[in-house]
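Undergrad: As input, take structure_21.pdb (PDB, C-alpha atoms, pLDDT in the B column):
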```
ATOM      1  CA  ILE A 299       8.481 -19.981   0.740  1.00 58.00           C
ATOM      2  CA  ALA A 300       9.915 -16.509   0.204  1.00 73.00           C
ATOM      3  CA  GLY A 301       6.691 -14.770  -0.834  1.00 94.00           C
ATOM      4  CA  ILE A 302       7.722 -11.661  -2.671  1.00 97.00           C
ATOM      5  CA  THR A 303      11.284 -10.414  -2.936  1.00 97.00           C
ATOM      6  CA  GLN A 304      12.868  -7.226  -4.269  1.00 98.00           C
ATOM      7  CA  ALA A 305      16.399  -6.321  -5.267  1.00 98.00           C
ATOM      8  CA  PRO A 306      18.405  -4.332  -4.558  1.00 98.00           C
ATOM      9  CA  THR A 307      17.543  -3.357  -0.986  1.00 98.00           C
ATOM     10  CA  SER A 308      18.930   0.095  -1.550  1.00 98.00           C
ATOM     11  CA  GLN A 309      20.766   1.953  -4.286  1.00 97.00           C
ATOM     12  CA  ILE A 310      22.379   5.307  -4.854  1.00 98.00           C
ATOM     13  CA  LEU A 311      22.246   6.284  -8.494  1.00 96.00           C
ATOM     14  CA  ALA A 312      23.623   9.164 -10.536  1.00 98.00           C
ATOM     15  CA  ALA A 313      21.073  11.192 -12.459  1.00 98.00           C
ATOM     16  CA  GLY A 314      20.764  10.092 -16.058  1.00 98.00           C
ATOM     17  CA  ARG A 315      21.659   6.465 -15.359  1.00 98.00           C
ATOM     18  CA  ARG A 316      19.409   3.551 -16.216  1.00 98.00           C
ATOM     19  CA  MET A 317      18.233   1.326 -13.379  1.00 98.00           C
ATOM     20  CA  THR A 318      16.088  -1.787 -13.111  1.00 98.00           C
ATOM     21  CA  LEU A 319      14.437  -2.743  -9.854  1.00 98.00           C
ATOM     22  CA  ARG A 320      13.689  -6.434  -9.623  1.00 98.00           C
ATOM     23  CA  CYS A 321      10.611  -8.091  -8.137  1.00 98.00           C
ATOM     24  CA  THR A 322       9.881 -11.806  -7.902  1.00 98.00           C
ATOM     25  CA  GLN A 323       6.994 -13.650  -6.274  1.00 97.00           C
ATOM     26  CA  ASP A 324       6.535 -17.382  -5.758  1.00 96.00           C
ATOM     27  CA  MET A 325       2.843 -17.367  -4.830  1.00 96.00           C
ATOM     28  CA  ARG A 326       1.650 -17.765  -8.449  1.00 95.00           C
ATOM     29  CA  HIS A 327      -0.340 -14.559  -8.107  1.00 96.00           C
ATOM     30  CA  ASN A 328      -1.843 -13.196 -11.301  1.00 95.00           C
ATOM     31  CA  ALA A 329      -1.629  -9.506 -10.466  1.00 96.00           C
ATOM     32  CA  MET A 330       1.462  -7.483  -9.629  1.00 97.00           C
ATOM     33  CA  TYR A 331       1.993  -3.804  -8.823  1.00 97.00           C
ATOM     34  CA  TRP A 332       4.703  -1.210  -8.382  1.00 98.00           C
ATOM     35  CA  TYR A 333       4.243   1.640  -5.907  1.00 98.00           C
ATOM     36  CA  ARG A 334       6.418   4.474  -4.746  1.00 98.00           C
ATOM     37  CA  GLN A 335       6.139   5.809  -1.221  1.00 98.00           C
ATOM     38  CA  ASP A 336       7.083   9.368  -0.387  1.00 96.00           C
ATOM     39  CA  LEU A 337       6.737  11.150   2.937  1.00 90.00           C
ATOM     40  CA  GLY A 338       3.358  12.827   3.255  1.00 86.00           C
ATOM     41  CA  LEU A 339       2.025  11.354   0.018  1.00 89.00           C
ATOM     42  CA  GLY A 340       1.493   7.736   0.838  1.00 89.00           C
ATOM     43  CA  LEU A 341       1.752   4.898  -1.646  1.00 96.00           C
ATOM     44  CA  ARG A 342       1.152   5.802  -5.285  1.00 97.00           C
ATOM     45  CA  LEU A 343       0.670   3.266  -8.045  1.00 96.00           C
ATOM     46  CA  ILE A 344       3.238   3.457 -10.859  1.00 98.00           C
ATOM     47  CA  HIS A 345       2.364   0.482 -13.070  1.00 98.00           C
ATOM     48  CA  TYR A 346       0.469  -2.742 -12.696  1.00 96.00           C
ATOM     49  CA  SER A 347      -0.019  -6.071 -14.433  1.00 96.00           C
ATOM     50  CA  ASN A 348      -3.252  -8.031 -14.188  1.00 94.00           C
ATOM     51  CA  THR A 349      -1.708 -11.146 -15.687  1.00 95.00           C
ATOM     52  CA  ALA A 350       1.456 -12.269 -17.438  1.00 96.00           C
ATOM     53  CA  GLY A 351       1.844 -10.543 -20.794  1.00 96.00           C
ATOM     54  CA  THR A 352      -0.212  -7.459 -19.881  1.00 96.00           C
ATOM     55  CA  THR A 353       0.681  -4.189 -18.155  1.00 97.00           C
ATOM     56  CA  GLY A 354      -1.097  -0.940 -17.378  1.00 96.00           C
ATOM     57  CA  LYS A 355      -0.328   2.569 -16.197  1.00 96.00           C
ATOM     58  CA  GLY A 356      -1.060   3.725 -12.682  1.00 95.00           C
ATOM     59  CA  GLU A 357      -1.232   7.180 -11.157  1.00 94.00           C
ATOM     60  CA  VAL A 358       2.433   8.185 -11.702  1.00 97.00           C
ATOM     61  CA  PRO A 359       3.845   6.218 -14.681  1.00 98.00           C
ATOM     62  CA  ASP A 360       6.046   8.872 -16.316  1.00 97.00           C
ATOM     63  CA  GLY A 361       9.742   7.980 -16.385  1.00 97.00           C
ATOM     64  CA  TYR A 362       9.086   4.306 -15.596  1.00 98.00           C
ATOM     65  CA  SER A 363       8.485   1.193 -17.665  1.00 98.00           C
ATOM     66  CA  VAL A 364       7.608  -2.389 -16.775  1.00 98.00           C
ATOM     67  CA  SER A 365       7.388  -5.794 -18.401  1.00 97.00           C
ATOM     68  CA  ARG A 366       5.683  -9.021 -17.389  1.00 98.00           C
ATOM     69  CA  ALA A 367       7.208 -11.862 -19.375  1.00 97.00           C
ATOM     70  CA  ASN A 368       6.090 -14.520 -16.892  1.00 97.00           C
ATOM     71  CA  THR A 369       3.953 -14.902 -13.769  1.00 97.00           C
ATOM     72  CA  ASP A 370       6.755 -14.567 -11.240  1.00 97.00           C
ATOM     73  CA  ASP A 371       8.773 -11.522 -12.338  1.00 98.00           C
ATOM     74  CA  PHE A 372       7.802  -7.874 -12.691  1.00 98.00           C
ATOM     75  CA  PRO A 373      10.841  -5.599 -13.174  1.00 98.00           C
ATOM     76  CA  LEU A 374      10.577  -1.804 -13.042  1.00 98.00           C
ATOM     77  CA  THR A 375      12.968   0.227 -15.191  1.00 98.00           C
ATOM     78  CA  LEU A 376      13.976   3.853 -14.873  1.00 98.00           C
ATOM     79  CA  ALA A 377      15.349   4.706 -18.307  1.00 96.00           C
ATOM     80  CA  SER A 378      17.108   7.912 -17.234  1.00 97.00           C
ATOM     81  CA  ALA A 379      16.871   8.559 -13.510  1.00 98.00           C
ATOM     82  CA  VAL A 380      16.082  12.018 -12.146  1.00 98.00           C
ATOM     83  CA  PRO A 381      16.320  13.264  -8.524  1.00 98.00           C
ATOM     84  CA  SER A 382      12.517  13.382  -8.199  1.00 97.00           C
ATOM     85  CA  GLN A 383      12.536   9.610  -8.509  1.00 98.00           C
ATOM     86  CA  THR A 384      14.246   9.355  -5.129  1.00 98.00           C
ATOM     87  CA  SER A 385      11.783   7.269  -3.139  1.00 98.00           C
ATOM     88  CA  VAL A 386      11.059   3.919  -1.564  1.00 98.00           C
ATOM     89  CA  TYR A 387       9.677   1.497  -4.141  1.00 98.00           C
ATOM     90  CA  PHE A 388       7.388  -1.358  -3.183  1.00 98.00           C
ATOM     91  CA  CYS A 389       6.369  -4.246  -5.363  1.00 98.00           C
ATOM     92  CA  ALA A 390       3.154  -6.091  -4.491  1.00 97.00           C
ATOM     93  CA  SER A 391       1.120  -9.007  -5.754  1.00 97.00           C
ATOM     94  CA  SER A 392      -2.414 -10.307  -5.342  1.00 95.00           C
ATOM     95  CA  ASP A 393      -4.234 -13.474  -6.285  1.00 92.00           C
ATOM     96  CA  GLY A 394      -6.791 -11.633  -8.400  1.00 82.00           C
ATOM     97  CA  ALA A 395      -6.747  -8.372 -10.316  1.00 77.00           C
ATOM     98  CA  GLY A 396     -10.084  -6.963  -9.235  1.00 74.00           C
ATOM     99  CA  GLY A 397      -8.764  -4.825  -6.392  1.00 77.00           C
ATOM    100  CA  PHE A 398     -10.755  -6.791  -3.828  1.00 83.00           C
ATOM    101  CA  ASN A 399      -7.895  -9.079  -2.978  1.00 90.00           C
ATOM    102  CA  GLU A 400      -5.307  -8.576  -0.281  1.00 93.00           C
ATOM    103  CA  GLN A 401      -2.047  -7.322  -1.700  1.00 95.00           C
ATOM    104  CA  PHE A 402       1.223  -8.790  -0.451  1.00 96.00           C
ATOM    105  CA  PHE A 403       4.115  -6.343  -0.425  1.00 97.00           C
ATOM    106  CA  GLY A 404       7.812  -6.915  -0.910  1.00 98.00           C
ATOM    107  CA  PRO A 405      10.357  -5.423   1.517  1.00 97.00           C
ATOM    108  CA  GLY A 406      10.984  -2.374  -0.658  1.00 98.00           C
ATOM    109  CA  THR A 407      13.911  -0.766  -2.473  1.00 98.00           C
ATOM    110  CA  ARG A 408      15.228   2.548  -1.206  1.00 98.00           C
ATOM    111  CA  LEU A 409      16.468   4.511  -4.215  1.00 98.00           C
ATOM    112  CA  THR A 410      18.408   7.760  -4.056  1.00 98.00           C
ATOM    113  CA  VAL A 411      19.084   9.665  -7.287  1.00 98.00           C
ATOM    114  CA  LEU A 412      21.782  12.314  -7.055  1.00 97.00           C
TER     115      LEU A 412
ATOM    116  CA  GLY B 140      -4.184   9.699  -2.229  1.00 46.00           C
ATOM    117  CA  GLN B 141      -5.553  13.165  -2.697  1.00 54.00           C
ATOM    118  CA  ASN B 142      -9.102  11.956  -2.164  1.00 87.00           C
ATOM    119  CA  ILE B 143      -8.443  10.333   1.176  1.00 94.00           C
ATOM    120  CA  ASP B 144      -8.017  12.093   4.499  1.00 95.00           C
ATOM    121  CA  GLN B 145      -6.664  10.580   7.666  1.00 97.00           C
ATOM    122  CA  PRO B 146      -4.866  12.203  10.623  1.00 97.00           C
ATOM    123  CA  THR B 147      -1.104  12.429  10.344  1.00 96.00           C
ATOM    124  CA  GLU B 148      -0.252  11.365  13.874  1.00 97.00           C
ATOM    125  CA  MET B 149      -1.879   9.967  17.007  1.00 98.00           C
ATOM    126  CA  THR B 150      -0.440   9.105  20.407  1.00 97.00           C
ATOM    127  CA  ALA B 151      -1.961   6.781  22.983  1.00 97.00           C
ATOM    128  CA  THR B 152      -1.035   4.913  26.135  1.00 97.00           C
ATOM    129  CA  GLU B 153      -0.400   1.190  26.350  1.00 98.00           C
ATOM    130  CA  GLY B 154      -3.645  -0.631  27.119  1.00 97.00           C
ATOM    131  CA  ALA B 155      -5.828   2.175  25.784  1.00 98.00           C
ATOM    132  CA  ILE B 156      -8.077   2.356  22.700  1.00 97.00           C
ATOM    133  CA  VAL B 157      -7.364   4.460  19.634  1.00 98.00           C
ATOM    134  CA  GLN B 158      -9.669   5.194  16.699  1.00 98.00           C
ATOM    135  CA  ILE B 159      -8.162   6.214  13.363  1.00 98.00           C
ATOM    136  CA  ASN B 160     -10.642   7.944  11.078  1.00 98.00           C
ATOM    137  CA  CYS B 161     -10.525   7.926   7.306  1.00 98.00           C
ATOM    138  CA  THR B 162     -12.740   9.905   4.950  1.00 96.00           C
ATOM    139  CA  TYR B 163     -12.712   9.488   1.206  1.00 94.00           C
ATOM    140  CA  GLN B 164     -14.279  11.042  -1.870  1.00 88.00           C
ATOM    141  CA  THR B 165     -14.759   8.902  -4.926  1.00 78.00           C
ATOM    142  CA  SER B 166     -17.355   8.568  -7.638  1.00 78.00           C
ATOM    143  CA  GLY B 167     -16.958   4.807  -7.624  1.00 83.00           C
ATOM    144  CA  PHE B 168     -16.351   2.649  -4.583  1.00 85.00           C
ATOM    145  CA  ASN B 169     -15.525  -1.029  -4.444  1.00 87.00           C
ATOM    146  CA  GLY B 170     -14.228  -1.524  -0.952  1.00 93.00           C
ATOM    147  CA  LEU B 171     -11.883  -0.138   1.682  1.00 95.00           C
ATOM    148  CA  PHE B 172      -8.679  -1.612   3.073  1.00 96.00           C
ATOM    149  CA  TRP B 173      -6.564  -0.939   6.127  1.00 98.00           C
ATOM    150  CA  TYR B 174      -2.878  -1.832   6.134  1.00 98.00           C
ATOM    151  CA  GLN B 175      -0.303  -1.650   8.915  1.00 98.00           C
ATOM    152  CA  GLN B 176       3.245  -0.548   8.198  1.00 98.00           C
ATOM    153  CA  HIS B 177       6.044  -0.623  10.757  1.00 97.00           C
ATOM    154  CA  ALA B 178       8.895   1.797  10.201  1.00 96.00           C
ATOM    155  CA  GLY B 179      11.223   0.580   7.463  1.00 94.00           C
ATOM    156  CA  GLU B 180       9.036  -2.390   6.611  1.00 96.00           C
ATOM    157  CA  ALA B 181       6.436  -3.382   4.045  1.00 97.00           C
ATOM    158  CA  PRO B 182       2.710  -2.749   4.539  1.00 97.00           C
ATOM    159  CA  THR B 183       0.719  -5.746   5.747  1.00 97.00           C
ATOM    160  CA  PHE B 184      -3.007  -6.363   5.394  1.00 96.00           C
ATOM    161  CA  LEU B 185      -5.298  -5.700   8.352  1.00 97.00           C
ATOM    162  CA  SER B 186      -8.866  -5.548   7.066  1.00 96.00           C
ATOM    163  CA  TYR B 187     -11.216  -5.158   4.104  1.00 95.00           C
ATOM    164  CA  ASN B 188     -14.740  -3.703   4.233  1.00 95.00           C
ATOM    165  CA  VAL B 189     -17.136  -3.571   1.311  1.00 93.00           C
ATOM    166  CA  LEU B 190     -20.457  -3.473   3.185  1.00 94.00           C
ATOM    167  CA  ASP B 191     -21.543  -1.000   5.857  1.00 96.00           C
ATOM    168  CA  GLY B 192     -20.895  -1.986   9.431  1.00 97.00           C
ATOM    169  CA  LEU B 193     -18.255  -3.191  11.813  1.00 97.00           C
ATOM    170  CA  GLU B 194     -15.819  -6.026  11.149  1.00 94.00           C
ATOM    171  CA  GLU B 195     -14.035  -7.313  14.232  1.00 94.00           C
ATOM    172  CA  LYS B 196     -10.804  -9.239  14.158  1.00 92.00           C
ATOM    173  CA  GLY B 197      -9.238  -9.724  17.568  1.00 95.00           C
ATOM    174  CA  ARG B 198      -8.021  -6.437  18.996  1.00 97.00           C
ATOM    175  CA  PHE B 199      -8.595  -4.638  15.685  1.00 97.00           C
ATOM    176  CA  SER B 200     -11.967  -3.616  14.246  1.00 97.00           C
ATOM    177  CA  SER B 201     -12.822  -1.716  11.101  1.00 98.00           C
ATOM    178  CA  PHE B 202     -16.020   0.204  10.367  1.00 98.00           C
ATOM    179  CA  LEU B 203     -17.438   1.452   7.080  1.00 97.00           C
ATOM    180  CA  SER B 204     -20.221   3.853   6.140  1.00 96.00           C
ATOM    181  CA  ARG B 205     -20.456   4.070   2.350  1.00 94.00           C
ATOM    182  CA  SER B 206     -23.088   6.821   2.378  1.00 92.00           C
ATOM    183  CA  LYS B 207     -20.820   9.045   4.473  1.00 93.00           C
ATOM    184  CA  GLY B 208     -17.548   8.105   2.745  1.00 93.00           C
ATOM    185  CA  TYR B 209     -16.168   7.236   6.155  1.00 95.00           C
ATOM    186  CA  SER B 210     -14.250   4.437   7.796  1.00 97.00           C
ATOM    187  CA  TYR B 211     -12.398   3.962  11.021  1.00 98.00           C
ATOM    188  CA  LEU B 212      -9.913   1.487  12.414  1.00 98.00           C
ATOM    189  CA  LEU B 213     -10.239   0.753  16.117  1.00 98.00           C
ATOM    190  CA  LEU B 214      -7.252  -0.591  17.999  1.00 97.00           C
ATOM    191  CA  LYS B 215      -8.057  -1.956  21.449  1.00 97.00           C
ATOM    192  CA  GLU B 216      -5.794  -2.952  24.336  1.00 98.00           C
ATOM    193  CA  LEU B 217      -2.899  -1.144  22.724  1.00 98.00           C
ATOM    194  CA  GLN B 218       0.507  -2.784  22.874  1.00 98.00           C
ATOM    195  CA  MET B 219       3.917  -1.265  22.215  1.00 98.00           C
ATOM    196  CA  LYS B 220       4.182  -3.344  19.036  1.00 97.00           C
ATOM    197  CA  ASP B 221       1.138  -1.501  17.655  1.00 98.00           C
ATOM    198  CA  SER B 222       3.323   1.582  17.133  1.00 98.00           C
ATOM    199  CA  ALA B 223       3.231   1.848  13.332  1.00 98.00           C
ATOM    200  CA  SER B 224       1.651   3.689  10.429  1.00 98.00           C
ATOM    201  CA  TYR B 225      -1.878   2.710   9.469  1.00 98.00           C
ATOM    202  CA  LEU B 226      -2.822   3.149   5.834  1.00 98.00           C
ATOM    203  CA  CYS B 227      -6.388   3.613   4.603  1.00 97.00           C
ATOM    204  CA  ALA B 228      -6.983   2.700   0.945  1.00 95.00           C
ATOM    205  CA  TYR B 229     -10.113   2.508  -1.188  1.00 92.00           C
ATOM    206  CA  VAL B 230     -10.795   0.529  -4.346  1.00 91.00           C
ATOM    207  CA  GLY B 231     -12.149   2.893  -6.981  1.00 87.00           C
ATOM    208  CA  ASN B 232     -13.779   2.554 -10.366  1.00 83.00           C
ATOM    209  CA  ASP B 233     -10.523   1.357 -11.890  1.00 84.00           C
ATOM    210  CA  TYR B 234     -10.365  -1.471  -9.336  1.00 85.00           C
ATOM    211  CA  LYS B 235      -6.995  -0.218  -8.121  1.00 89.00           C
ATOM    212  CA  LEU B 236      -6.050   0.882  -4.606  1.00 91.00           C
ATOM    213  CA  SER B 237      -5.748   4.571  -3.769  1.00 92.00           C
ATOM    214  CA  PHE B 238      -3.902   5.081  -0.496  1.00 95.00           C
ATOM    215  CA  GLY B 239      -4.074   7.820   2.071  1.00 95.00           C
ATOM    216  CA  ALA B 240      -0.848   9.275   3.440  1.00 96.00           C
ATOM    217  CA  GLY B 241      -1.125   7.142   6.576  1.00 97.00           C
ATOM    218  CA  THR B 242      -1.545   7.770  10.294  1.00 98.00           C
ATOM    219  CA  THR B 243       1.466   7.238  12.534  1.00 97.00           C
ATOM    220  CA  VAL B 244       0.404   5.826  15.893  1.00 98.00           C
ATOM    221  CA  THR B 245       2.813   6.046  18.806  1.00 98.00           C
ATOM    222  CA  VAL B 246       2.084   3.897  21.853  1.00 98.00           C
ATOM    223  CA  ARG B 247       3.637   5.110  25.095  1.00 97.00           C
ATOM    224  CA  ALA B 248       4.155   3.103  28.250  1.00 95.00           C
TER     225      ALA B 248
END
```
The structure given in the file should be rewritten as structure tokens.
TA:
Amino acid sequence: IAGITQAPTSQILAAGRRMTLRCTQDMRHNAMYWYRQDLGLGLRLIHYSNTAGTTGKGEVPDGYSVSRANTDDFPLTLASAVPSQTSVYFCASSDGAGGFNEQFFGPGTRLTVL
Amino acid sequence: GQNIDQPTEMTATEGAIVQINCTYQTSGFNGLFWYQQHAGEAPTFLSYNVLDGLEEKGRFSSFLSRSKGYSYLLLKELQMKDSASYLCAYVGNDYKLSFGAGTTVTVRA
């Protein structure tokens, strides 16, 4: 069982390019999340999905979009990347959406926008 | 998390005890988590407190005081592998996690 996987592991991207970060979980968790982690700021929630077919905005959603077509996949898209989106991106999932449940994190994607 | 404070760094000796404090300010509170994150890796769950008091789990314990907006993580019998960042996170009114910036613990021989 893989748990939760992310791709790519790392990416260098030119500003203005479109990029999709992939996230897949095989635990049949209802809720999924995207965070970015920056030095000194900790993890910040970008978007979330409580269940397949629904999504919501987190603390820092601008410049990002998500979709949740099925239970397993939760891709994050940067429509036109900017240097301030340079960060480490973590996808996570949890069995329930109430916030009380342990979140399982993927290995992360290190993104550099030049 | 701008409403969460925890020390940036702590250093301790192998075999010792270290206490990582976390204070938070929120109008709604639905629980507090601690996660461990080794350098270059994903965060992993350590503990969850929703009621006041101490929760013990092996060498790690977590304490919560809701009235004081305060929690701590206690690491006993420190081992070299405990060198990591420790993330405090509360569940607010929106039922989403708000994370602190993390405390980097360095264990020295």
Undergrad: For chain A, which residues have at least one atom within 12 Å of chain B, if we go by only C-alpha atoms? Write them as a PyMOL selection string, please.
TA: chain A and resi 302-304+307-308+329-348+354-358+386-392+394-408
Undergrad: Can you tell me, as a compact mmCIF listing (two decimals) with C-alpha atoms, in the frame of the given file, what residues are no more than 6 Å from Thr384 of chain A when counting all atoms listed in the file, ignoring any on the same chain fewer than 3 positions away?
TA:
```txt
# COMPACT_ATOMS: atom_id res chain seq x y z
CA PRO A 381 16.32 13.26 -8.52
CA LEU A 409 16.47 4.51 -4.22
CA THR A 410 18.41 7.76 -4.06
CA VAL A 411 19.08 9.66 -7.29
```
Undergrad: What's the 9 Å shell around Ser363 of chain A, counting all atoms listed in the file, without same-chain residues fewer than 3 positions away, as number ranges by chain?
TA: A: 344-345, 359-360, 373-377
Undergrad: So how far away is atom CA of Asp370 of chain A from atom CA of His327 of chain A, in Å?
TA: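 Calculated distance between atom CA of His327 of chain A and atom CA of Asp370 of chain A is 7.8 Å.
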Undergrad: If I take atom CA of Gln175 of chain B and atom CA of Ser224 of chain B, how far is one from the other in Å, to one decimal?
TA: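 Computing the Euclidean distance for atom CA of Gln175 of chain B and atom CA of Ser224 of chain B yields 5.9 Å.
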Undergrad: With the PyMOL selection byres ((chain A and resi 312-315) around 7) as the selection, what would be picked from this file? Answer as a list in words, please.
TA: Ile310, Leu311, Arg316, Met317, Ser378, Ala379, Val380, Pro381, Val411 and Leu412 of chain A
Undergrad: For Ser210 of chain B, please output as a PDB file with C-alpha atoms, keeping the file's coordinate frame all residues within 9 Å (counting only C-alpha atoms; exclusion window: fewer than 5 positions along the same chain).
TA:
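What follows is the written file result.pdb:
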```
ATOM      1  CA  ILE B 159      -8.162   6.214  13.363  1.00 98.00           C
ATOM      2  CA  ASN B 160     -10.642   7.944  11.078  1.00 98.00           C
ATOM      3  CA  CYS B 161     -10.525   7.926   7.306  1.00 98.00           C
ATOM      4  CA  THR B 162     -12.740   9.905   4.950  1.00 96.00           C
ATOM      5  CA  TYR B 163     -12.712   9.488   1.206  1.00 94.00           C
ATOM      6  CA  LEU B 171     -11.883  -0.138   1.682  1.00 95.00           C
ATOM      7  CA  ASN B 188     -14.740  -3.703   4.233  1.00 95.00           C
ATOM      8  CA  SER B 201     -12.822  -1.716  11.101  1.00 98.00           C
ATOM      9  CA  PHE B 202     -16.020   0.204  10.367  1.00 98.00           C
ATOM     10  CA  LEU B 203     -17.438   1.452   7.080  1.00 97.00           C
ATOM     11  CA  SER B 204     -20.221   3.853   6.140  1.00 96.00           C
ATOM     12  CA  ARG B 205     -20.456   4.070   2.350  1.00 94.00           C
ATOM     13  CA  CYS B 227      -6.388   3.613   4.603  1.00 97.00           C
TER      14      CYS B 227
END
```
Undergrad: Step by step, work through what the PyMOL selection byres ((chain A and resi 351) around 6) selects in the shown file, and finish by giving those residues as a list in words.
TA: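 Given this file, the PyMOL selection byres ((chain A and resi 351) around 6) evaluates to Ala350, Thr352, Arg366 and Ala367 of chain A.
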Undergrad: Convert the current residue selection to file output with C-alpha atoms, as an mmCIF file, in the coordinates of the input.
TA:
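Below is the file part.cif, written as the result:
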```cif
data_model
loop_
_atom_site.group_PDB
_atom_site.id
_atom_site.type_symbol
_atom_site.label_atom_id
_atom_site.label_comp_id
_atom_site.auth_asym_id
_atom_site.auth_seq_id
_atom_site.Cartn_x
_atom_site.Cartn_y
_atom_site.Cartn_z
ATOM 1 C CA ALA A 350 1.456 -12.269 -17.438
ATOM 2 C CA THR A 352 -0.212 -7.459 -19.881
ATOM 3 C CA ARG A 366 5.683 -9.021 -17.389
ATOM 4 C CA ALA A 367 7.208 -11.862 -19.375
#
```
Undergrad: Which one is closest to Glu195 of chain B: B:Arg247, B:Lys207, B:Lys215, B:Lys220? Count all atoms listed in the file.
TA: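 Of B:Arg247, B:Lys207, B:Lys215, B:Lys220, the one nearest Glu195 of chain B is B:Lys215, counting all atoms listed in the file.
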Undergrad: Rounded to one decimal in Å, what is the spacing between atom CA of Gln145 of chain B and atom CA of Ala248 of chain B?
TA: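 Taking atom CA of Gln145 of chain B and atom CA of Ala248 of chain B, their separation equals 24.4 Å.
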Undergrad: Using all atoms of segment 301-313 of chain A listed in the file and a margin of 4 Å per side, can you give the axis-aligned box centre and edge lengths in Å to one decimal, as lines of an AutoDock Vina configuration file?
TA:
```
center_x = 15.2
center_y = -1.8
center_z = -6.6
size_x = 24.9
size_y = 34.0
size_z = 19.6
```
Undergrad: With only C-alpha atoms as the basis for distance, which of A:Thr353, A:Ala305, A:Val364, A:Asp393 is at the shortest distance from Cys321 of chain A?
TA: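 That would be A:Ala305, the residue with the smallest distance to Cys321 of chain A.
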Undergrad: Which residues would end up in the selection if the PyMOL selection byres ((chain B and resi 158) around 7) were applied here, given that I need the answer as a list of chain:residue names?
TA: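 Applying the expression gives B:Ile156, B:Val157, B:Ile159, B:Asn160, B:Tyr211, B:Leu212, B:Leu213, B:Leu214.
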Undergrad: Counting all atoms listed in the file, what is within 9 Å of Met219 of chain B, bar same-chain residues fewer than 3 positions away, as a ChimeraX atom specification?
TA: /B:152-153,222,245-248
Undergrad: So, with only C-alpha atoms as the atoms that count, which of B:Val244, B:Ser200, B:His177, B:Gln164 lies closest to Pro146 of chain B?
TA: B:Val244
